[in-house]
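Here's entry-v9.pdb, which has PDB, C-alpha atoms, pLDDT in the B column:
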```pdb
MODEL        1
ATOM      1  CA  MET A   1     152.224 -22.417 -55.429  1.00 38.00           C
ATOM      2  CA  GLY A   2     153.521 -21.411 -51.993  1.00 41.00           C
ATOM      3  CA  THR A   3     152.248 -24.592 -50.312  1.00 43.00           C
ATOM      4  CA  MET A   4     153.929 -26.800 -52.900  1.00 45.00           C
ATOM      5  CA  ASP A   5     157.233 -24.975 -52.402  1.00 46.00           C
ATOM      6  CA  SER A   6     157.040 -25.346 -48.623  1.00 46.00           C
ATOM      7  CA  PHE A   7     156.004 -29.015 -48.943  1.00 52.00           C
ATOM      8  CA  ASP A   8     159.041 -29.691 -51.151  1.00 51.00           C
ATOM      9  CA  HIS A   9     161.334 -27.823 -48.776  1.00 51.00           C
ATOM     10  CA  ILE A  10     160.017 -29.485 -45.617  1.00 49.00           C
ATOM     11  CA  LEU A  11     160.247 -33.001 -47.028  1.00 64.00           C
ATOM     12  CA  ASN A  12     163.743 -32.477 -48.423  1.00 73.00           C
ATOM     13  CA  TRP A  13     163.137 -35.368 -50.827  1.00 81.00           C
ATOM     14  CA  LYS A  14     164.229 -35.428 -54.456  1.00 84.00           C
ATOM     15  CA  LEU A  15     162.125 -37.347 -56.960  1.00 88.00           C
ATOM     16  CA  LYS A  16     164.081 -39.164 -59.673  1.00 88.00           C
ATOM     17  CA  VAL A  17     163.384 -41.207 -62.807  1.00 87.00           C
ATOM     18  CA  GLY A  18     162.896 -44.962 -62.527  1.00 82.00           C
ATOM     19  CA  SER A  19     163.022 -47.551 -59.777  1.00 80.00           C
ATOM     20  CA  HIS A  20     165.601 -47.463 -56.984  1.00 78.00           C
ATOM     21  CA  LEU A  21     167.017 -50.284 -54.883  1.00 77.00           C
ATOM     22  CA  PHE A  22     167.107 -47.970 -51.883  1.00 74.00           C
ATOM     23  CA  PRO A  23     166.889 -44.241 -51.254  1.00 76.00           C
ATOM     24  CA  GLY A  24     169.822 -41.999 -50.469  1.00 74.00           C
ATOM     25  CA  LYS A  25     170.168 -39.149 -48.012  1.00 75.00           C
ATOM     26  CA  ASP A  26     168.491 -36.983 -50.679  1.00 76.00           C
ATOM     27  CA  GLY A  27     165.476 -39.316 -50.815  1.00 78.00           C
ATOM     28  CA  GLY A  28     166.013 -39.866 -54.491  1.00 82.00           C
ATOM     29  CA  THR A  29     163.170 -42.179 -55.493  1.00 87.00           C
ATOM     30  CA  CYS A  30     160.246 -42.140 -57.889  1.00 90.00           C
ATOM     31  CA  ILE A  31     156.909 -40.739 -56.709  1.00 93.00           C
ATOM     32  CA  ASN A  32     155.432 -44.185 -56.010  1.00 94.00           C
ATOM     33  CA  GLU A  33     158.402 -45.259 -53.858  1.00 92.00           C
ATOM     34  CA  ALA A  34     158.124 -41.982 -51.919  1.00 91.00           C
ATOM     35  CA  ALA A  35     154.348 -42.520 -51.541  1.00 94.00           C
ATOM     36  CA  ILE A  36     154.906 -45.969 -49.997  1.00 94.00           C
ATOM     37  CA  VAL A  37     157.158 -44.428 -47.339  1.00 91.00           C
ATOM     38  CA  ALA A  38     154.798 -41.488 -46.750  1.00 90.00           C
ATOM     39  CA  ALA A  39     151.921 -43.936 -46.171  1.00 93.00           C
ATOM     40  CA  GLY A  40     153.919 -45.709 -43.451  1.00 92.00           C
ATOM     41  CA  PHE A  41     155.046 -48.814 -45.357  1.00 93.00           C
ATOM     42  CA  ALA A  42     158.618 -50.115 -45.412  1.00 91.00           C
ATOM     43  CA  TYR A  43     160.609 -48.822 -48.373  1.00 89.00           C
ATOM     44  CA  GLN A  44     160.590 -51.005 -51.472  1.00 90.00           C
ATOM     45  CA  PRO A  45     161.588 -50.498 -55.096  1.00 90.00           C
ATOM     46  CA  VAL A  46     158.672 -50.094 -57.518  1.00 91.00           C
ATOM     47  CA  LYS A  47     159.188 -51.343 -61.066  1.00 90.00           C
ATOM     48  CA  SER A  48     155.466 -51.496 -61.888  1.00 91.00           C
ATOM     49  CA  VAL A  49     152.217 -50.482 -60.210  1.00 92.00           C
ATOM     50  CA  GLU A  50     151.707 -54.131 -59.267  1.00 94.00           C
ATOM     51  CA  ASP A  51     154.539 -53.642 -56.732  1.00 93.00           C
ATOM     52  CA  MET A  52     152.394 -51.119 -54.826  1.00 95.00           C
ATOM     53  CA  PRO A  53     150.530 -52.106 -51.630  1.00 96.00           C
ATOM     54  CA  GLU A  54     146.838 -52.916 -52.203  1.00 96.00           C
ATOM     55  CA  CYS A  55     145.623 -49.618 -50.734  1.00 96.00           C
ATOM     56  CA  PHE A  56     147.146 -47.694 -53.672  1.00 97.00           C
ATOM     57  CA  SER A  57     145.061 -46.927 -56.755  1.00 97.00           C
ATOM     58  CA  ARG A  58     146.631 -48.732 -59.722  1.00 97.00           C
ATOM     59  CA  PRO A  59     145.411 -46.326 -62.457  1.00 98.00           C
ATOM     60  CA  ILE A  60     146.501 -43.288 -60.437  1.00 98.00           C
ATOM     61  CA  CYS A  61     149.906 -44.790 -59.589  1.00 97.00           C
ATOM     62  CA  ARG A  62     150.401 -45.742 -63.259  1.00 96.00           C
ATOM     63  CA  LEU A  63     149.759 -42.119 -64.310  1.00 97.00           C
ATOM     64  CA  ALA A  64     151.994 -40.812 -61.505  1.00 96.00           C
ATOM     65  CA  MET A  65     154.783 -43.160 -62.657  1.00 95.00           C
ATOM     66  CA  GLN A  66     154.403 -41.996 -66.261  1.00 95.00           C
ATOM     67  CA  LEU A  67     154.535 -38.331 -65.225  1.00 96.00           C
ATOM     68  CA  ASN A  68     157.505 -39.009 -62.933  1.00 94.00           C
ATOM     69  CA  ASP A  69     159.521 -40.767 -65.627  1.00 93.00           C
ATOM     70  CA  GLU A  70     158.702 -38.400 -68.510  1.00 93.00           C
ATOM     71  CA  ALA A  71     159.146 -35.138 -66.572  1.00 94.00           C
ATOM     72  CA  THR A  72     162.215 -32.939 -66.480  1.00 94.00           C
ATOM     73  CA  ASP A  73     164.064 -32.884 -63.147  1.00 90.00           C
ATOM     74  CA  GLU A  74     162.418 -29.551 -62.330  1.00 91.00           C
ATOM     75  CA  GLU A  75     158.906 -30.661 -63.306  1.00 94.00           C
ATOM     76  CA  ARG A  76     159.231 -33.927 -61.371  1.00 93.00           C
ATOM     77  CA  GLN A  77     159.579 -32.082 -58.054  1.00 91.00           C
ATOM     78  CA  ARG A  78     156.085 -30.653 -58.629  1.00 93.00           C
ATOM     79  CA  LEU A  79     154.778 -34.195 -57.988  1.00 94.00           C
ATOM     80  CA  LEU A  80     155.948 -34.144 -54.345  1.00 91.00           C
ATOM     81  CA  PRO A  81     152.632 -32.807 -52.960  1.00 90.00           C
ATOM     82  CA  PHE A  82     150.936 -35.911 -54.410  1.00 94.00           C
ATOM     83  CA  VAL A  83     152.993 -38.467 -52.444  1.00 92.00           C
ATOM     84  CA  THR A  84     150.416 -38.448 -49.644  1.00 92.00           C
ATOM     85  CA  ARG A  85     147.421 -38.821 -51.985  1.00 94.00           C
ATOM     86  CA  LEU A  86     148.100 -42.058 -53.901  1.00 96.00           C
ATOM     87  CA  ALA A  87     146.956 -44.497 -51.166  1.00 95.00           C
ATOM     88  CA  CYS A  88     143.339 -44.135 -52.232  1.00 96.00           C
ATOM     89  CA  ALA A  89     142.320 -47.472 -53.771  1.00 96.00           C
ATOM     90  CA  ASP A  90     138.570 -47.860 -54.041  1.00 97.00           C
ATOM     91  CA  THR A  91     136.067 -50.395 -55.360  1.00 97.00           C
ATOM     92  CA  PRO A  92     136.755 -52.104 -58.717  1.00 97.00           C
ATOM     93  CA  GLU A  93     134.063 -49.873 -60.265  1.00 98.00           C
ATOM     94  CA  VAL A  94     135.724 -46.679 -59.032  1.00 98.00           C
ATOM     95  CA  GLU A  95     139.137 -47.921 -60.179  1.00 97.00           C
ATOM     96  CA  ARG A  96     137.642 -48.571 -63.641  1.00 98.00           C
ATOM     97  CA  ASP A  97     136.137 -45.056 -63.655  1.00 98.00           C
ATOM     98  CA  ARG A  98     139.564 -43.629 -62.797  1.00 98.00           C
ATOM     99  CA  ALA A  99     141.240 -45.690 -65.523  1.00 97.00           C
ATOM    100  CA  VAL A 100     138.680 -44.560 -68.120  1.00 98.00           C
ATOM    101  CA  TYR A 101     139.024 -40.912 -67.008  1.00 98.00           C
ATOM    102  CA  ILE A 102     142.823 -41.099 -67.270  1.00 97.00           C
ATOM    103  CA  HIS A 103     142.719 -42.898 -70.622  1.00 96.00           C
ATOM    104  CA  TRP A 104     140.233 -40.424 -72.080  1.00 96.00           C
ATOM    105  CA  HIS A 105     142.153 -37.347 -70.857  1.00 96.00           C
ATOM    106  CA  THR A 106     145.663 -38.538 -71.771  1.00 94.00           C
ATOM    107  CA  ALA A 107     144.960 -39.513 -75.378  1.00 88.00           C
ATOM    108  CA  GLY A 108     147.259 -37.643 -77.756  1.00 84.00           C
ATOM    109  CA  ARG A 109     150.185 -35.511 -76.678  1.00 85.00           C
ATOM    110  CA  LEU A 110     150.472 -35.238 -72.929  1.00 90.00           C
ATOM    111  CA  THR A 111     152.360 -32.261 -71.564  1.00 95.00           C
ATOM    112  CA  PHE A 112     153.467 -32.369 -67.940  1.00 96.00           C
ATOM    113  CA  GLN A 113     151.035 -29.573 -67.057  1.00 96.00           C
ATOM    114  CA  LYS A 114     148.118 -31.447 -68.649  1.00 96.00           C
ATOM    115  CA  GLY A 115     149.252 -34.644 -66.909  1.00 97.00           C
ATOM    116  CA  LEU A 116     149.152 -32.865 -63.529  1.00 97.00           C
ATOM    117  CA  ALA A 117     145.614 -31.672 -64.251  1.00 97.00           C
ATOM    118  CA  VAL A 118     144.556 -35.237 -65.177  1.00 98.00           C
ATOM    119  CA  LEU A 119     146.187 -36.567 -61.988  1.00 98.00           C
ATOM    120  CA  LYS A 120     144.237 -34.035 -59.912  1.00 97.00           C
ATOM    121  CA  GLY A 121     141.006 -34.940 -61.724  1.00 97.00           C
ATOM    122  CA  ALA A 122     141.536 -38.684 -61.227  1.00 98.00           C
ATOM    123  CA  LEU A 123     142.274 -38.143 -57.533  1.00 97.00           C
ATOM    124  CA  ALA A 124     138.920 -36.364 -57.183  1.00 97.00           C
ATOM    125  CA  ILE A 125     137.081 -39.548 -58.230  1.00 97.00           C
ATOM    126  CA  GLY A 126     136.134 -41.889 -55.387  1.00 97.00           C
ATOM    127  CA  ARG A 127     137.835 -42.350 -52.036  1.00 94.00           C
ATOM    128  CA  GLN A 128     140.464 -39.874 -50.957  1.00 94.00           C
ATOM    129  CA  ALA A 129     143.656 -40.936 -49.190  1.00 92.00           C
ATOM    130  CA  ASP A 130     143.617 -40.525 -45.421  1.00 87.00           C
ATOM    131  CA  ALA A 131     144.799 -37.066 -44.473  1.00 85.00           C
ATOM    132  CA  LEU A 132     148.357 -37.207 -43.206  1.00 80.00           C
ATOM    133  CA  GLY A 133     149.892 -34.386 -41.237  1.00 80.00           C
ATOM    134  CA  LEU A 134     153.027 -32.908 -42.739  1.00 78.00           C
ATOM    135  CA  ASP A 135     154.926 -33.740 -39.529  1.00 82.00           C
ATOM    136  CA  THR A 136     153.956 -37.417 -39.821  1.00 85.00           C
ATOM    137  CA  VAL A 137     155.078 -37.572 -43.443  1.00 84.00           C
ATOM    138  CA  LYS A 138     158.304 -35.690 -42.669  1.00 83.00           C
ATOM    139  CA  THR A 139     159.083 -38.101 -39.811  1.00 85.00           C
ATOM    140  CA  ARG A 140     158.445 -41.204 -41.936  1.00 87.00           C
ATOM    141  CA  MET A 141     160.458 -39.984 -44.900  1.00 84.00           C
ATOM    142  CA  GLY A 142     163.218 -38.596 -42.698  1.00 83.00           C
ATOM    143  CA  ALA A 143     163.583 -41.963 -40.960  1.00 84.00           C
ATOM    144  CA  VAL A 144     164.193 -43.677 -44.314  1.00 84.00           C
ATOM    145  CA  GLN A 145     166.686 -41.002 -45.341  1.00 81.00           C
ATOM    146  CA  GLY A 146     168.434 -41.403 -41.989  1.00 83.00           C
ATOM    147  CA  ARG A 147     168.996 -45.100 -42.697  1.00 82.00           C
ATOM    148  CA  ALA A 148     170.420 -44.376 -46.172  1.00 77.00           C
ATOM    149  CA  ILE A 149     173.990 -45.505 -46.703  1.00 75.00           C
ATOM    150  CA  THR A 150     174.697 -43.380 -49.768  1.00 72.00           C
ATOM    151  CA  SER A 151     174.303 -39.669 -50.447  1.00 69.00           C
ATOM    152  CA  THR A 152     172.069 -40.334 -53.460  1.00 67.00           C
ATOM    153  CA  SER A 153     169.735 -43.191 -54.272  1.00 65.00           C
ATOM    154  CA  VAL A 154     170.934 -46.277 -56.091  1.00 67.00           C
ATOM    155  CA  ALA A 155     169.057 -46.823 -59.330  1.00 72.00           C
ATOM    156  CA  GLU A 156     167.795 -50.269 -60.193  1.00 63.00           C
ATOM    157  CA  ARG A 157     169.958 -51.768 -62.938  1.00 59.00           C
ATOM    158  CA  PRO A 158     169.307 -54.762 -65.153  1.00 49.00           C
ATOM    159  CA  LEU A 159     171.033 -57.995 -64.130  1.00 48.00           C
ATOM    160  CA  LEU A 160     173.484 -57.937 -67.049  1.00 47.00           C
ATOM    161  CA  SER A 161     174.690 -54.453 -66.040  1.00 47.00           C
ATOM    162  CA  LYS A 162     175.169 -55.659 -62.469  1.00 47.00           C
ATOM    163  CA  ILE A 163     177.204 -58.656 -63.618  1.00 51.00           C
ATOM    164  CA  LYS A 164     179.343 -56.483 -65.908  1.00 48.00           C
ATOM    165  CA  GLY A 165     179.814 -54.113 -62.981  1.00 50.00           C
ATOM    166  CA  TRP A 166     181.061 -56.927 -60.757  1.00 52.00           C
ATOM    167  CA  PHE A 167     183.746 -57.749 -63.311  1.00 57.00           C
ATOM    168  CA  GLY A 168     184.681 -54.133 -63.941  1.00 53.00           C
ATOM    169  CA  ALA A 169     183.303 -54.237 -67.487  1.00 43.00           C
ATOM    170  CA  THR A 170     181.336 -51.018 -67.168  1.00 38.00           C
ATOM    171  CA  LYS A 171     182.868 -47.599 -67.670  1.00 38.00           C
ATOM    172  CA  GLN A 172     181.258 -46.120 -64.597  1.00 39.00           C
ATOM    173  CA  ASN A 173     181.608 -47.813 -61.247  1.00 38.00           C
ATOM    174  CA  GLU A 174     179.175 -46.695 -58.593  1.00 40.00           C
ATOM    175  CA  THR A 175     180.723 -46.267 -55.196  1.00 40.00           C
ATOM    176  CA  ALA A 176     178.948 -45.809 -51.894  1.00 38.00           C
ATOM    177  CA  THR A 177     179.761 -42.511 -50.222  1.00 36.00           C
TER     178      THR A 177
ENDMDL
END
```
Take the structure in the file and write it out as structure tokens.
Amino acid sequence: MGTMDSFDHILNWKLKVGSHLFPGKDGGTCINEAAIVAAGFAYQPVKSVEDMPECFSRPICRLAMQLNDEATDEERQRLLPFVTRLACADTPEVERDRAVYIHWHTAGRLTFQKGLAVLKGALAIGRQADALGLDTVKTRMGAVQGRAITSTSVAERPLLSKIKGWFGATKQNETAT
């Protein structure tokens, strides 16, 4: 537990529900968006696992996205240690094995704790992500946060909401700080 707490503290990144146009000073992205940055790719919003670079395991990223979006705010932060482990795509056979493992172990009610255990089990199958030093990850993620223009991330909104927002038809107007 101590390593997860220090990892969270060192990264200073907050995981949030859903896709985000760009991160804020708090990080404020889903696990998959954070993983893209940690792996050294340019930041990009992730609406589905198909948006992930090819080196990311689709079944694992799909599970990570599900856990991210269904977790409480407190639980979601427990996913931070996994941001460096998702870039582990393997052969089509291994990816199928991962998908079957995840499907088999997530049937029925899935608590967050059980989901974390399934994520760990799926990550143990096949190729592991390249080991990244904490300093490297902190530098990459800090650089993205440093370029942020808002204090918190901007959530992706459907086109209709954006259009309504332009014409002042929504009750809440988001302002950049």
**OP:** Quick one: pull the distance between atom CA of Gly126 of chain A and atom CA of Ile60 of chain A, Å, one decimal.
**Re:**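 According to the coordinates, atom CA of Gly126 of chain A and atom CA of Ile60 of chain A are separated by 11.6 Å.
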**OP:** List every protein, DNA or RNA residue with an atom no more than 12 Å from (138.3, -52.5, -59.3) in the file's coordinates, counting all atoms listed in the file, and format the result as an NGL selection string.
**Re:** :A and (54-59 or 89-100 or 126)
**OP:** Find, counting only C-alpha atoms, the residue in A:Gln113, A:Lys16, A:Gly24, A:Ala87 that gets nearest to Met65 of chain A.
**Re:**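 For Met65 of chain A, the nearest of the candidates is A:Lys16.
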**OP:** Just give me the gap between atom CA of Glu50 of chain A and atom CA of Ala38 of chain A in Å, one decimal is fine.
**Re:**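 Pair atom CA of Glu50 of chain A / atom CA of Ala38 of chain A returns 18.1 Å.
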Subject >> Shortest interatomic distance to Cys88 of chain A - which of A:Arg127, A:Lys120, A:Arg109, A:Lys47, counting all atoms listed in the file >> reply: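 Residue with the minimum atom-to-atom distance to Cys88 of chain A: A:Arg127.
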Original post:
Pick the closest to Leu119 of chain A from A:Thr150, A:His103, A:Phe22, A:Met52: which is it, counting only C-alpha atoms?
Top reply: A:His103
Subject >> Result set, the PyMOL selection byres ((chain A and resi 136) around 12) on current file, as a VMD selection string >> reply: chain A and resid 10 to 11 37 to 40 84 131 to 135 137 to 143
Could you tell me which residues the PyMOL selection byres ((chain A and resi 17-21) around 12) grabs in this file, written as an mmCIF file with C-alpha atoms, in the coordinates of the input?
```cif
data_model
loop_
_atom_site.group_PDB
_atom_site.id
_atom_site.type_symbol
_atom_site.label_atom_id
_atom_site.label_comp_id
_atom_site.auth_asym_id
_atom_site.auth_seq_id
_atom_site.Cartn_x
_atom_site.Cartn_y
_atom_site.Cartn_z
ATOM 1 C CA LYS A 14 164.229 -35.428 -54.456
ATOM 2 C CA LEU A 15 162.125 -37.347 -56.960
ATOM 3 C CA LYS A 16 164.081 -39.164 -59.673
ATOM 4 C CA PHE A 22 167.107 -47.970 -51.883
ATOM 5 C CA PRO A 23 166.889 -44.241 -51.254
ATOM 6 C CA GLY A 24 169.822 -41.999 -50.469
ATOM 7 C CA GLY A 27 165.476 -39.316 -50.815
ATOM 8 C CA GLY A 28 166.013 -39.866 -54.491
ATOM 9 C CA THR A 29 163.170 -42.179 -55.493
ATOM 10 C CA CYS A 30 160.246 -42.140 -57.889
ATOM 11 C CA ILE A 31 156.909 -40.739 -56.709
ATOM 12 C CA ASN A 32 155.432 -44.185 -56.010
ATOM 13 C CA GLU A 33 158.402 -45.259 -53.858
ATOM 14 C CA ALA A 34 158.124 -41.982 -51.919
ATOM 15 C CA TYR A 43 160.609 -48.822 -48.373
ATOM 16 C CA GLN A 44 160.590 -51.005 -51.472
ATOM 17 C CA PRO A 45 161.588 -50.498 -55.096
ATOM 18 C CA VAL A 46 158.672 -50.094 -57.518
ATOM 19 C CA LYS A 47 159.188 -51.343 -61.066
ATOM 20 C CA SER A 48 155.466 -51.496 -61.888
ATOM 21 C CA VAL A 49 152.217 -50.482 -60.210
ATOM 22 C CA ASP A 51 154.539 -53.642 -56.732
ATOM 23 C CA ALA A 64 151.994 -40.812 -61.505
ATOM 24 C CA MET A 65 154.783 -43.160 -62.657
ATOM 25 C CA GLN A 66 154.403 -41.996 -66.261
ATOM 26 C CA LEU A 67 154.535 -38.331 -65.225
ATOM 27 C CA ASN A 68 157.505 -39.009 -62.933
ATOM 28 C CA ASP A 69 159.521 -40.767 -65.627
ATOM 29 C CA GLU A 70 158.702 -38.400 -68.510
ATOM 30 C CA ALA A 71 159.146 -35.138 -66.572
ATOM 31 C CA THR A 72 162.215 -32.939 -66.480
ATOM 32 C CA ASP A 73 164.064 -32.884 -63.147
ATOM 33 C CA GLU A 74 162.418 -29.551 -62.330
ATOM 34 C CA GLU A 75 158.906 -30.661 -63.306
ATOM 35 C CA ARG A 76 159.231 -33.927 -61.371
ATOM 36 C CA GLN A 77 159.579 -32.082 -58.054
ATOM 37 C CA ALA A 148 170.420 -44.376 -46.172
ATOM 38 C CA ILE A 149 173.990 -45.505 -46.703
ATOM 39 C CA THR A 150 174.697 -43.380 -49.768
ATOM 40 C CA THR A 152 172.069 -40.334 -53.460
ATOM 41 C CA SER A 153 169.735 -43.191 -54.272
ATOM 42 C CA VAL A 154 170.934 -46.277 -56.091
ATOM 43 C CA ALA A 155 169.057 -46.823 -59.330
ATOM 44 C CA GLU A 156 167.795 -50.269 -60.193
ATOM 45 C CA ARG A 157 169.958 -51.768 -62.938
ATOM 46 C CA PRO A 158 169.307 -54.762 -65.153
#
```
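Straight-line separation from atom CA of Leu80 of chain A to atom CA of Ile36 of chain A: 12.6 Å.
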Subject >> Which of A:Ile102, A:Ala129, A:Ala42, A:Ala35 sits closest to Leu116 of chain A [using all atoms listed in the file] >> reply: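 Going through A:Ile102, A:Ala129, A:Ala42, A:Ala35 one by one, the smallest distance to Leu116 of chain A is for A:Ile102.
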Original post:
With only C-alpha atoms as the atoms that count, which of A:Thr106, A:Arg62, A:Asp26, A:Thr111 lies nearest to Asn12 of chain A?
Top reply: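 Among the listed residues, A:Asp26 lies closest to Asn12 of chain A.
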